[in-house]
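Have a look at target23.cif below; it lists mmCIF, C-alpha atoms.
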```
data_query
#
loop_
_atom_site.group_PDB
_atom_site.id
_atom_site.type_symbol
_atom_site.label_atom_id
_atom_site.label_comp_id
_atom_site.auth_asym_id
_atom_site.auth_seq_id
_atom_site.Cartn_x
_atom_site.Cartn_y
_atom_site.Cartn_z
ATOM 1 C CA MET A 1 41.240 -61.711 -26.193
ATOM 2 C CA GLY A 2 37.660 -62.823 -26.875
ATOM 3 C CA THR A 3 36.426 -66.370 -27.190
ATOM 4 C CA PRO A 4 35.671 -67.923 -30.606
ATOM 5 C CA THR A 5 31.971 -67.413 -29.865
ATOM 6 C CA ASP A 6 32.609 -63.719 -29.163
ATOM 7 C CA GLU A 7 34.473 -63.336 -32.443
ATOM 8 C CA LEU A 8 31.707 -64.959 -34.457
ATOM 9 C CA LEU A 9 29.089 -62.945 -32.569
ATOM 10 C CA HIS A 10 30.955 -59.801 -33.570
ATOM 11 C CA GLU A 11 30.947 -60.880 -37.228
ATOM 12 C CA LEU A 12 27.221 -61.630 -37.178
ATOM 13 C CA THR A 13 26.441 -58.329 -35.449
ATOM 14 C CA ARG A 14 28.622 -56.400 -37.870
ATOM 15 C CA ALA A 15 26.750 -58.050 -40.741
ATOM 16 C CA ARG A 16 23.469 -56.874 -39.180
ATOM 17 C CA VAL A 17 22.034 -60.344 -38.720
ATOM 18 C CA ARG A 18 18.768 -59.745 -36.899
ATOM 19 C CA PRO A 19 16.059 -61.637 -35.008
ATOM 20 C CA GLY A 20 14.007 -63.634 -37.480
ATOM 21 C CA ASP A 21 16.954 -64.221 -39.818
ATOM 22 C CA GLU A 22 18.310 -67.682 -40.549
ATOM 23 C CA VAL A 23 22.006 -68.583 -40.430
ATOM 24 C CA ILE A 24 23.218 -71.845 -41.972
ATOM 25 C CA VAL A 25 25.693 -73.744 -39.772
ATOM 26 C CA PRO A 26 27.087 -77.287 -39.642
ATOM 27 C CA SER A 27 25.782 -79.560 -36.918
ATOM 28 C CA TYR A 28 29.028 -81.543 -36.789
ATOM 29 C CA GLY A 29 31.556 -79.796 -34.585
ATOM 30 C CA THR A 30 31.361 -77.559 -31.542
ATOM 31 C CA PRO A 31 28.065 -75.748 -30.884
ATOM 32 C CA GLU A 32 29.823 -72.356 -30.775
ATOM 33 C CA ALA A 33 28.503 -71.254 -34.172
ATOM 34 C CA ALA A 34 24.919 -72.095 -33.293
ATOM 35 C CA GLU A 35 25.295 -70.391 -29.896
ATOM 36 C CA ALA A 36 26.465 -67.180 -31.566
ATOM 37 C CA VAL A 37 23.490 -67.294 -33.943
ATOM 38 C CA LEU A 38 21.086 -67.582 -30.998
ATOM 39 C CA LEU A 39 22.787 -64.686 -29.227
ATOM 40 C CA VAL A 40 21.908 -62.312 -32.078
ATOM 41 C CA GLY A 41 18.331 -63.607 -32.032
ATOM 42 C CA ALA A 42 18.573 -65.493 -35.315
ATOM 43 C CA ARG A 43 17.750 -69.147 -36.016
ATOM 44 C CA PRO A 44 20.525 -71.675 -36.715
ATOM 45 C CA VAL A 45 19.748 -73.916 -39.682
ATOM 46 C CA PHE A 46 21.770 -77.130 -39.462
ATOM 47 C CA VAL A 47 23.070 -78.770 -42.630
ATOM 48 C CA ASP A 48 25.164 -81.819 -43.447
ATOM 49 C CA ILE A 49 28.907 -82.095 -44.028
ATOM 50 C CA ASP A 50 31.094 -83.406 -46.818
ATOM 51 C CA ALA A 51 31.976 -87.034 -46.062
ATOM 52 C CA HIS A 52 35.703 -86.515 -46.666
ATOM 53 C CA THR A 53 36.542 -83.063 -45.310
ATOM 54 C CA TYR A 54 33.989 -82.927 -42.443
ATOM 55 C CA CYS A 55 33.303 -79.327 -43.495
ATOM 56 C CA ILE A 56 29.941 -77.905 -44.507
ATOM 57 C CA ASP A 57 28.810 -79.237 -47.914
ATOM 58 C CA PRO A 58 28.156 -76.423 -50.438
ATOM 59 C CA ALA A 59 25.621 -78.548 -52.360
ATOM 60 C CA VAL A 60 23.566 -79.079 -49.209
ATOM 61 C CA VAL A 61 23.903 -75.415 -48.280
ATOM 62 C CA ALA A 62 22.437 -74.444 -51.657
ATOM 63 C CA GLU A 63 19.350 -76.555 -50.934
ATOM 64 C CA ALA A 64 18.920 -74.999 -47.469
ATOM 65 C CA LEU A 65 18.851 -71.356 -48.632
ATOM 66 C CA THR A 66 15.587 -69.476 -48.121
ATOM 67 C CA PRO A 67 14.567 -65.805 -48.438
ATOM 68 C CA ARG A 68 15.291 -65.519 -44.684
ATOM 69 C CA THR A 69 18.908 -66.732 -44.953
ATOM 70 C CA ALA A 70 21.222 -63.927 -43.806
ATOM 71 C CA ALA A 71 24.536 -65.759 -43.462
ATOM 72 C CA ILE A 72 26.433 -69.024 -43.878
ATOM 73 C CA VAL A 73 29.016 -70.023 -41.262
ATOM 74 C CA ALA A 74 31.703 -72.287 -42.725
ATOM 75 C CA ILE A 75 33.816 -73.996 -40.068
ATOM 76 C CA HIS A 76 37.311 -75.169 -40.987
ATOM 77 C CA THR A 77 37.035 -78.565 -39.323
ATOM 78 C CA PHE A 78 40.024 -80.288 -37.669
ATOM 79 C CA GLY A 79 42.359 -78.039 -39.683
ATOM 80 C CA HIS A 80 40.841 -78.824 -43.082
ATOM 81 C CA PRO A 81 39.600 -75.622 -44.748
ATOM 82 C CA ALA A 82 35.995 -75.402 -45.867
ATOM 83 C CA ASP A 83 35.310 -74.951 -49.593
ATOM 84 C CA MET A 84 35.268 -71.169 -49.354
ATOM 85 C CA ALA A 85 35.408 -70.662 -53.115
ATOM 86 C CA ALA A 86 32.180 -72.575 -53.719
ATOM 87 C CA LEU A 87 30.486 -71.079 -50.662
ATOM 88 C CA THR A 88 31.538 -67.519 -51.509
ATOM 89 C CA ASP A 89 30.221 -67.946 -55.042
ATOM 90 C CA LEU A 90 26.956 -69.259 -53.625
ATOM 91 C CA GLY A 91 26.736 -66.342 -51.197
ATOM 92 C CA ARG A 92 27.455 -63.810 -53.932
ATOM 93 C CA ARG A 93 24.726 -65.205 -56.185
ATOM 94 C CA HIS A 94 22.145 -65.156 -53.411
ATOM 95 C CA GLY A 95 23.228 -62.031 -51.552
ATOM 96 C CA VAL A 96 24.197 -63.978 -48.423
ATOM 97 C CA LEU A 97 27.222 -63.312 -46.193
ATOM 98 C CA VAL A 98 29.732 -66.185 -45.840
ATOM 99 C CA ILE A 99 31.836 -66.302 -42.672
ATOM 100 C CA GLY A 100 34.860 -68.605 -42.425
ATOM 101 C CA TYR A 101 35.559 -69.729 -38.884
ATOM 102 C CA GLY A 102 37.734 -72.089 -36.871
ATOM 103 C CA SER A 103 41.363 -71.631 -37.956
ATOM 104 C CA ALA A 104 43.673 -71.924 -34.957
ATOM 105 C CA ALA A 105 46.637 -69.595 -34.482
ATOM 106 C CA GLU A 106 49.763 -71.723 -34.802
ATOM 107 C CA SER A 107 53.291 -71.042 -35.919
ATOM 108 C CA ALA A 108 54.500 -72.255 -39.304
ATOM 109 C CA GLY A 109 56.890 -74.617 -37.526
ATOM 110 C CA GLU A 110 54.121 -76.239 -35.501
ATOM 111 C CA ILE A 111 51.994 -76.705 -38.604
ATOM 112 C CA LEU A 112 54.876 -78.275 -40.516
ATOM 113 C CA ARG A 113 55.584 -80.720 -37.687
ATOM 114 C CA ARG A 114 51.901 -81.681 -37.464
ATOM 115 C CA GLN A 115 51.818 -82.218 -41.222
ATOM 116 C CA ALA A 116 54.961 -84.354 -41.074
ATOM 117 C CA ASN A 117 53.494 -86.458 -38.256
ATOM 118 C CA ALA A 118 50.223 -86.815 -40.177
ATOM 119 C CA ALA A 119 52.112 -87.915 -43.293
ATOM 120 C CA TYR A 120 53.899 -90.589 -41.259
ATOM 121 C CA LEU A 121 50.603 -91.886 -39.861
ATOM 122 C CA ASP A 122 49.003 -91.772 -43.327
ATOM 123 C CA GLY A 123 51.721 -94.038 -44.657
ATOM 124 C CA LYS A 124 51.775 -96.533 -41.790
ATOM 125 C CA LEU A 125 48.251 -96.974 -40.437
ATOM 126 C CA ARG A 126 46.200 -99.994 -41.500
ATOM 127 C CA GLY A 127 42.670 -100.988 -40.560
ATOM 128 C CA VAL A 128 41.456 -97.413 -40.083
ATOM 129 C CA LEU A 129 40.542 -94.865 -42.736
ATOM 130 C CA THR A 130 43.055 -92.015 -42.644
ATOM 131 C CA PRO A 131 42.084 -88.366 -43.335
ATOM 132 C CA LEU A 132 41.449 -87.306 -46.925
ATOM 133 C CA VAL A 133 42.499 -83.877 -48.140
ATOM 134 C CA ALA A 134 40.713 -82.023 -50.929
ATOM 135 C CA PRO A 135 42.931 -81.136 -53.921
ATOM 136 C CA GLY A 136 44.715 -77.796 -53.741
ATOM 137 C CA VAL A 137 44.216 -77.088 -50.027
ATOM 138 C CA GLU A 138 46.458 -77.262 -46.969
ATOM 139 C CA HIS A 139 45.361 -79.381 -44.003
ATOM 140 C CA THR A 140 46.951 -78.150 -40.765
ATOM 141 C CA TYR A 141 45.851 -81.185 -38.716
ATOM 142 C CA GLN A 142 44.634 -79.411 -35.619
ATOM 143 C CA GLN A 143 43.229 -82.895 -35.065
ATOM 144 C CA TYR A 144 44.193 -86.102 -36.882
ATOM 145 C CA VAL A 145 40.834 -87.797 -37.339
ATOM 146 C CA VAL A 146 40.436 -91.341 -38.636
ATOM 147 C CA ARG A 147 37.354 -93.441 -39.211
ATOM 148 C CA VAL A 148 37.109 -96.836 -37.531
ATOM 149 C CA PRO A 149 35.507 -99.397 -39.868
ATOM 150 C CA GLY A 150 32.789 -101.631 -38.535
ATOM 151 C CA ASN A 151 29.186 -101.218 -37.495
ATOM 152 C CA GLY A 152 29.310 -97.743 -35.996
ATOM 153 C CA ARG A 153 29.884 -96.276 -32.560
ATOM 154 C CA PRO A 154 30.281 -99.532 -30.553
ATOM 155 C CA ASP A 155 33.245 -100.535 -32.721
ATOM 156 C CA ARG A 156 34.785 -97.056 -32.543
ATOM 157 C CA ASP A 157 34.339 -96.817 -28.795
ATOM 158 C CA ALA A 158 35.762 -100.293 -28.166
ATOM 159 C CA PHE A 159 38.702 -99.394 -30.404
ATOM 160 C CA ALA A 160 39.306 -96.199 -28.426
ATOM 161 C CA ARG A 161 39.135 -97.967 -25.057
ATOM 162 C CA THR A 162 41.697 -100.520 -26.153
ATOM 163 C CA LEU A 163 44.044 -97.866 -27.513
ATOM 164 C CA ARG A 164 43.885 -95.984 -24.218
ATOM 165 C CA SER A 165 44.647 -99.203 -22.311
ATOM 166 C CA ARG A 166 47.809 -99.441 -24.433
ATOM 167 C CA GLY A 167 48.888 -95.901 -23.605
ATOM 168 C CA VAL A 168 47.641 -94.127 -26.730
ATOM 169 C CA VAL A 169 45.829 -90.882 -25.965
ATOM 170 C CA CYS A 170 42.818 -90.543 -28.251
ATOM 171 C CA HIS A 171 39.367 -88.995 -28.119
ATOM 172 C CA VAL A 172 36.072 -88.806 -29.977
ATOM 173 C CA PRO A 173 36.178 -85.374 -31.655
ATOM 174 C CA VAL A 174 32.404 -84.869 -31.778
ATOM 175 C CA GLN A 175 30.365 -86.866 -29.283
ATOM 176 C CA THR A 176 26.946 -85.507 -30.231
ATOM 177 C CA PRO A 177 26.077 -83.319 -33.248
ATOM 178 C CA ALA A 178 24.533 -79.990 -32.245
ATOM 179 C CA HIS A 179 21.122 -80.780 -33.740
ATOM 180 C CA ARG A 180 20.761 -83.723 -31.351
ATOM 181 C CA THR A 181 21.601 -81.797 -28.165
ATOM 182 C CA ALA A 182 18.895 -80.537 -25.798
ATOM 183 C CA ARG A 183 19.849 -76.934 -26.551
ATOM 184 C CA PHE A 184 19.340 -77.143 -30.326
ATOM 185 C CA ARG A 185 17.276 -80.274 -30.898
ATOM 186 C CA ARG A 186 15.856 -80.565 -34.409
ATOM 187 C CA ASP A 187 13.960 -83.395 -36.073
ATOM 188 C CA LEU A 188 16.607 -83.901 -38.771
ATOM 189 C CA TRP A 189 18.528 -86.767 -40.289
ATOM 190 C CA LEU A 190 21.925 -85.583 -41.495
ATOM 191 C CA ALA A 191 23.408 -88.785 -42.852
ATOM 192 C CA GLU A 192 27.096 -87.850 -43.097
ATOM 193 C CA THR A 193 27.008 -86.002 -39.785
ATOM 194 C CA GLU A 194 25.521 -89.045 -38.022
ATOM 195 C CA ARG A 195 28.020 -91.397 -39.630
ATOM 196 C CA ALA A 196 30.978 -89.210 -38.684
ATOM 197 C CA ALA A 197 29.758 -88.964 -35.090
ATOM 198 C CA ASP A 198 29.641 -92.782 -34.920
ATOM 199 C CA GLU A 199 32.934 -93.583 -36.676
ATOM 200 C CA CYS A 200 35.467 -90.798 -36.076
ATOM 201 C CA LEU A 201 38.355 -90.909 -33.634
ATOM 202 C CA ALA A 202 41.131 -88.337 -33.124
ATOM 203 C CA LEU A 203 44.621 -89.781 -32.744
ATOM 204 C CA PRO A 204 47.598 -87.837 -31.322
ATOM 205 C CA VAL A 205 49.562 -85.801 -33.861
ATOM 206 C CA ASP A 206 51.084 -83.120 -31.625
ATOM 207 C CA PRO A 207 54.103 -81.291 -33.053
ATOM 208 C CA THR A 208 56.200 -82.373 -30.035
ATOM 209 C CA MET A 209 55.671 -86.113 -30.643
ATOM 210 C CA SER A 210 58.765 -88.217 -31.259
ATOM 211 C CA ARG A 211 59.030 -90.870 -33.966
ATOM 212 C CA ARG A 212 58.960 -93.502 -31.216
ATOM 213 C CA GLU A 213 55.634 -92.151 -29.935
ATOM 214 C CA LEU A 214 54.196 -92.155 -33.453
ATOM 215 C CA GLN A 215 55.358 -95.749 -33.926
ATOM 216 C CA ARG A 216 53.551 -96.729 -30.728
ATOM 217 C CA VAL A 217 50.328 -95.255 -32.118
ATOM 218 C CA VAL A 218 50.780 -97.142 -35.381
ATOM 219 C CA SER A 219 51.522 -100.461 -33.662
ATOM 220 C CA ALA A 220 48.503 -100.226 -31.373
ATOM 221 C CA CYS A 221 46.114 -99.174 -34.140
ATOM 222 C CA ASN A 222 47.301 -101.692 -36.694
ATOM 223 C CA ALA A 223 47.007 -104.624 -34.308
ATOM 224 C CA LEU A 224 43.464 -103.731 -33.322
ATOM 225 C CA GLY A 225 42.390 -102.238 -36.627
ATOM 226 C CA GLY A 226 43.070 -105.469 -38.476
ATOM 227 C CA LEU A 227 40.994 -107.445 -35.972
ATOM 228 C CA LEU A 228 38.070 -105.060 -36.240
ATOM 229 C CA GLN A 229 38.232 -105.070 -40.024
ATOM 230 C CA SER A 230 38.167 -108.871 -40.129
ATOM 231 C CA ALA A 231 35.161 -108.982 -37.814
ATOM 232 C CA ALA A 232 33.159 -106.418 -39.779
#
```
So, in terms of structure tokens, how does the structure I just supplied come out?
Amino acid sequence: MGTPTDELLHELTRARVRPGDEVIVPSYGTPEAAEAVLLVGARPVFVDIDAHTYCIDPAVVAEALTPRTAAIVAIHTFGHPADMAALTDLGRRHGVLVIGYGSAAESAGEILRRQANAAYLDGKLRGVLTPLVAPGVEHTYQQYVVRVPGNGRPDRDAFARTLRSRGVVCHVPVQTPAHRTARFRRDLWLAETERAADECLALPVDPTMSRRELQRVVSACNALGGLLQSAA
């Protein structure tokens, strides 16, 4: 079985993306999409995300299109599907291929348990901003990503350290957007991408979690979340 980069590389090659072409990709997320674009000799063009879904923003994509644009890579971020209808319509009107990417292979049972755990957290968490889901789509919660209110990364990182000290496994889902890494550095300001990188934290939502484990997450977050909110 190939890696996700291999699969995307195959799609780009099959679509005859060539050196000199441009491929629009999100900067927020793993750099796999941009790596695949480089491997076919094309240039990754980084664009901003939607503030709620963390997926590529069709309105921003429309502004980034040029005569050299050969493809748009839409990553389904954290289990939330990208707006493929809007992107496909955009691609059709401009003669540009749209590639959806990033859906994990999980059983229906695992997805249902993740969704149930996410629903529990949605209803109980205070002091953090829980995930929003666009109307009419299914979020599979490959990661349960909240925003920590406050003044940016220092608050989020302090929040995460305290949660870990209380036995809650959590992680920053995107440490550094691709356009700010040495490999892909661009002189860009992508406002929603930067804000998400500073504020987002992934909490555990594994399908095997018990209600007791979920309650521990809620208790730890609510105690600290309220303090951070008051200090902001």
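Excluding region 135-142 of chain A itself and any same-chain residue fewer than 6 positions from it, the protein and nucleic acid residues within 6 Å of it, counting only C-alpha atoms, are A:Phe78, A:Gly79, A:His80, A:Ile111.
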Find the residues near Asp6 (chain A): any atom within 10 Å, counting only C-alpha atoms, skip ones fewer than 4 places away on the same chain, and give them as a ChimeraX atom specification. /A:1-2,10-12,32-33,35-36,39
Within 12 Å of Arg185 (chain A), counting all atoms listed in the file, which residues qualify if same-chain residues fewer than 2 places away don't, as a list of chain:residue names? A:Ser27, A:Pro31, A:Ala34, A:Pro44, A:Val45, A:Phe46, A:Thr176, A:Pro177, A:Ala178, A:His179, A:Arg180, A:Thr181, A:Ala182, A:Arg183, A:Asp187, A:Leu188, A:Trp189
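Distances to Leu125 (chain A) were evaluated for A:Ala158, A:Ala74, A:Leu8, A:Val146 using all atoms listed in the file, and the minimum falls at A:Val146.
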Around (17.5, -60.5, -36.5) in the file's own coordinates, what residues are found within 6 Å if you use all atoms listed in the file, given back as a ChimeraX atom specification? /A:17-21,41-42
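Across A:Cys170, A:Ala62, A:Val23, A:Ala51, the tightest approach to Glu194 (chain A) is made by A:Ala51 when counting all atoms listed in the file.
The residues returned by the PyMOL selection byres ((chain A and resi 71) around 7) on the shown structure are Val23, Ile24, Thr69, Ala70, Ile72, Val73, Val96, Leu97 and Val98 of chain A.
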Work out how far CA of Leu9 (chain A) is from CA of Val37 (chain A), in Å to one decimal. 7.2 Å
Extract, using only C-alpha atoms, all DNA, RNA and protein residues at most 6 Å from Leu201 (chain A), discarding same-chain residues fewer than 4 positions from it, and format them as a PyMOL selection string. chain A and resi 145-146+171-172
Residues just named, written with C-alpha atoms as a PDB file, in the frame of the given file:
```
ATOM      1  CA  VAL A 145      40.834 -87.797 -37.339  1.00  0.00           C
ATOM      2  CA  VAL A 146      40.436 -91.341 -38.636  1.00  0.00           C
ATOM      3  CA  HIS A 171      39.367 -88.995 -28.119  1.00  0.00           C
ATOM      4  CA  VAL A 172      36.072 -88.806 -29.977  1.00  0.00           C
TER       5      VAL A 172
END
```
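Of note, CA of Val174 (chain A) and CA of Val40 (chain A) are spaced 24.9 Å apart.
Closest to Gly29 (chain A) among A:Pro81, A:Pro204, A:Pro67, A:Gly102 is A:Gly102, based on all atoms listed in the file.
One distance worth recording is that between CA of Leu121 (chain A) and CA of Pro207 (chain A), which is 13.1 Å.
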On this structure, the PyMOL selection byres ((chain A and resi 192) around 7) would catch which residues? List them as a PDB file with C-alpha atoms, in the coordinates of the input, sorted by chain and number.
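Saved file selection.pdb follows:
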```pdb
ATOM      1  CA  ASP A  48      25.164 -81.819 -43.447  1.00  0.00           C
ATOM      2  CA  ILE A  49      28.907 -82.095 -44.028  1.00  0.00           C
ATOM      3  CA  ALA A  51      31.976 -87.034 -46.062  1.00  0.00           C
ATOM      4  CA  LEU A 190      21.925 -85.583 -41.495  1.00  0.00           C
ATOM      5  CA  ALA A 191      23.408 -88.785 -42.852  1.00  0.00           C
ATOM      6  CA  THR A 193      27.008 -86.002 -39.785  1.00  0.00           C
ATOM      7  CA  GLU A 194      25.521 -89.045 -38.022  1.00  0.00           C
ATOM      8  CA  ARG A 195      28.020 -91.397 -39.630  1.00  0.00           C
ATOM      9  CA  ALA A 196      30.978 -89.210 -38.684  1.00  0.00           C
TER      10      ALA A 196
END
```
Leaving out Arg161 (chain A) and any residue of its chain fewer than 5 positions from it, which residues lie within 12 Å of it when counting all atoms listed in the file, given as a PDB file with C-alpha atoms, in the frame of the given file?
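Saved file out-v4.pdb follows:
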```pdb
ATOM      1  CA  PRO A 154      30.281 -99.532 -30.553  1.00  0.00           C
ATOM      2  CA  ASP A 155      33.245-100.535 -32.721  1.00  0.00           C
ATOM      3  CA  ARG A 156      34.785 -97.056 -32.543  1.00  0.00           C
ATOM      4  CA  ARG A 166      47.809 -99.441 -24.433  1.00  0.00           C
ATOM      5  CA  GLY A 167      48.888 -95.901 -23.605  1.00  0.00           C
ATOM      6  CA  VAL A 168      47.641 -94.127 -26.730  1.00  0.00           C
ATOM      7  CA  VAL A 169      45.829 -90.882 -25.965  1.00  0.00           C
ATOM      8  CA  CYS A 170      42.818 -90.543 -28.251  1.00  0.00           C
ATOM      9  CA  HIS A 171      39.367 -88.995 -28.119  1.00  0.00           C
ATOM     10  CA  VAL A 172      36.072 -88.806 -29.977  1.00  0.00           C
ATOM     11  CA  LEU A 201      38.355 -90.909 -33.634  1.00  0.00           C
ATOM     12  CA  ALA A 220      48.503-100.226 -31.373  1.00  0.00           C
ATOM     13  CA  CYS A 221      46.114 -99.174 -34.140  1.00  0.00           C
ATOM     14  CA  LEU A 224      43.464-103.731 -33.322  1.00  0.00           C
TER      15      LEU A 224
END
```
Written record: region 87-100 of chain A, N, CA and C atoms, as a PDB file, in the first residue's frame:
```pdb
ATOM      1  N   LEU A  87     -15.865  23.782  -4.800  1.00  0.00           N
ATOM      2  CA  LEU A  87     -14.570  23.664  -5.466  1.00  0.00           C
ATOM      3  C   LEU A  87     -14.700  22.995  -6.834  1.00  0.00           C
ATOM      4  N   THR A  88     -15.540  21.971  -6.931  1.00  0.00           N
ATOM      5  CA  THR A  88     -15.742  21.297  -8.210  1.00  0.00           C
ATOM      6  C   THR A  88     -16.380  22.231  -9.221  1.00  0.00           C
ATOM      7  N   ASP A  89     -17.332  23.037  -8.768  1.00  0.00           N
ATOM      8  CA  ASP A  89     -17.947  24.027  -9.654  1.00  0.00           C
ATOM      9  C   ASP A  89     -16.914  25.038 -10.135  1.00  0.00           C
ATOM     10  N   LEU A  90     -16.061  25.467  -9.222  1.00  0.00           N
ATOM     11  CA  LEU A  90     -14.991  26.403  -9.574  1.00  0.00           C
ATOM     12  C   LEU A  90     -14.041  25.771 -10.591  1.00  0.00           C
ATOM     13  N   GLY A  91     -13.653  24.519 -10.331  1.00  0.00           N
ATOM     14  CA  GLY A  91     -12.760  23.824 -11.254  1.00  0.00           C
ATOM     15  C   GLY A  91     -13.371  23.640 -12.626  1.00  0.00           C
ATOM     16  N   ARG A  92     -14.659  23.311 -12.660  1.00  0.00           N
ATOM     17  CA  ARG A  92     -15.345  23.110 -13.940  1.00  0.00           C
ATOM     18  C   ARG A  92     -15.362  24.408 -14.758  1.00  0.00           C
ATOM     19  N   ARG A  93     -15.632  25.515 -14.087  1.00  0.00           N
ATOM     20  CA  ARG A  93     -15.731  26.796 -14.795  1.00  0.00           C
ATOM     21  C   ARG A  93     -14.385  27.281 -15.322  1.00  0.00           C
ATOM     22  N   HIS A  94     -13.318  26.852 -14.665  1.00  0.00           N
ATOM     23  CA  HIS A  94     -11.989  27.323 -15.066  1.00  0.00           C
ATOM     24  C   HIS A  94     -11.138  26.232 -15.711  1.00  0.00           C
ATOM     25  N   GLY A  95     -11.701  25.056 -15.898  1.00  0.00           N
ATOM     26  CA  GLY A  95     -10.951  23.975 -16.519  1.00  0.00           C
ATOM     27  C   GLY A  95      -9.798  23.473 -15.677  1.00  0.00           C
ATOM     28  N   VAL A  96     -10.017  23.400 -14.355  1.00  0.00           N
ATOM     29  CA  VAL A  96      -8.965  23.011 -13.413  1.00  0.00           C
ATOM     30  C   VAL A  96      -9.404  21.746 -12.665  1.00  0.00           C
ATOM     31  N   LEU A  97      -8.503  20.777 -12.554  1.00  0.00           N
ATOM     32  CA  LEU A  97      -8.786  19.541 -11.832  1.00  0.00           C
ATOM     33  C   LEU A  97      -8.887  19.815 -10.333  1.00  0.00           C
ATOM     34  N   VAL A  98      -9.860  19.191  -9.660  1.00  0.00           N
ATOM     35  CA  VAL A  98      -9.991  19.269  -8.205  1.00  0.00           C
ATOM     36  C   VAL A  98      -9.805  17.873  -7.624  1.00  0.00           C
ATOM     37  N   ILE A  99      -8.860  17.746  -6.692  1.00  0.00           N
ATOM     38  CA  ILE A  99      -8.547  16.464  -6.079  1.00  0.00           C
ATOM     39  C   ILE A  99      -8.890  16.527  -4.598  1.00  0.00           C
ATOM     40  N   GLY A 100      -9.813  15.689  -4.143  1.00  0.00           N
ATOM     41  CA  GLY A 100     -10.109  15.559  -2.724  1.00  0.00           C
ATOM     42  C   GLY A 100      -9.143  14.583  -2.081  1.00  0.00           C
TER      43      GLY A 100
END
```
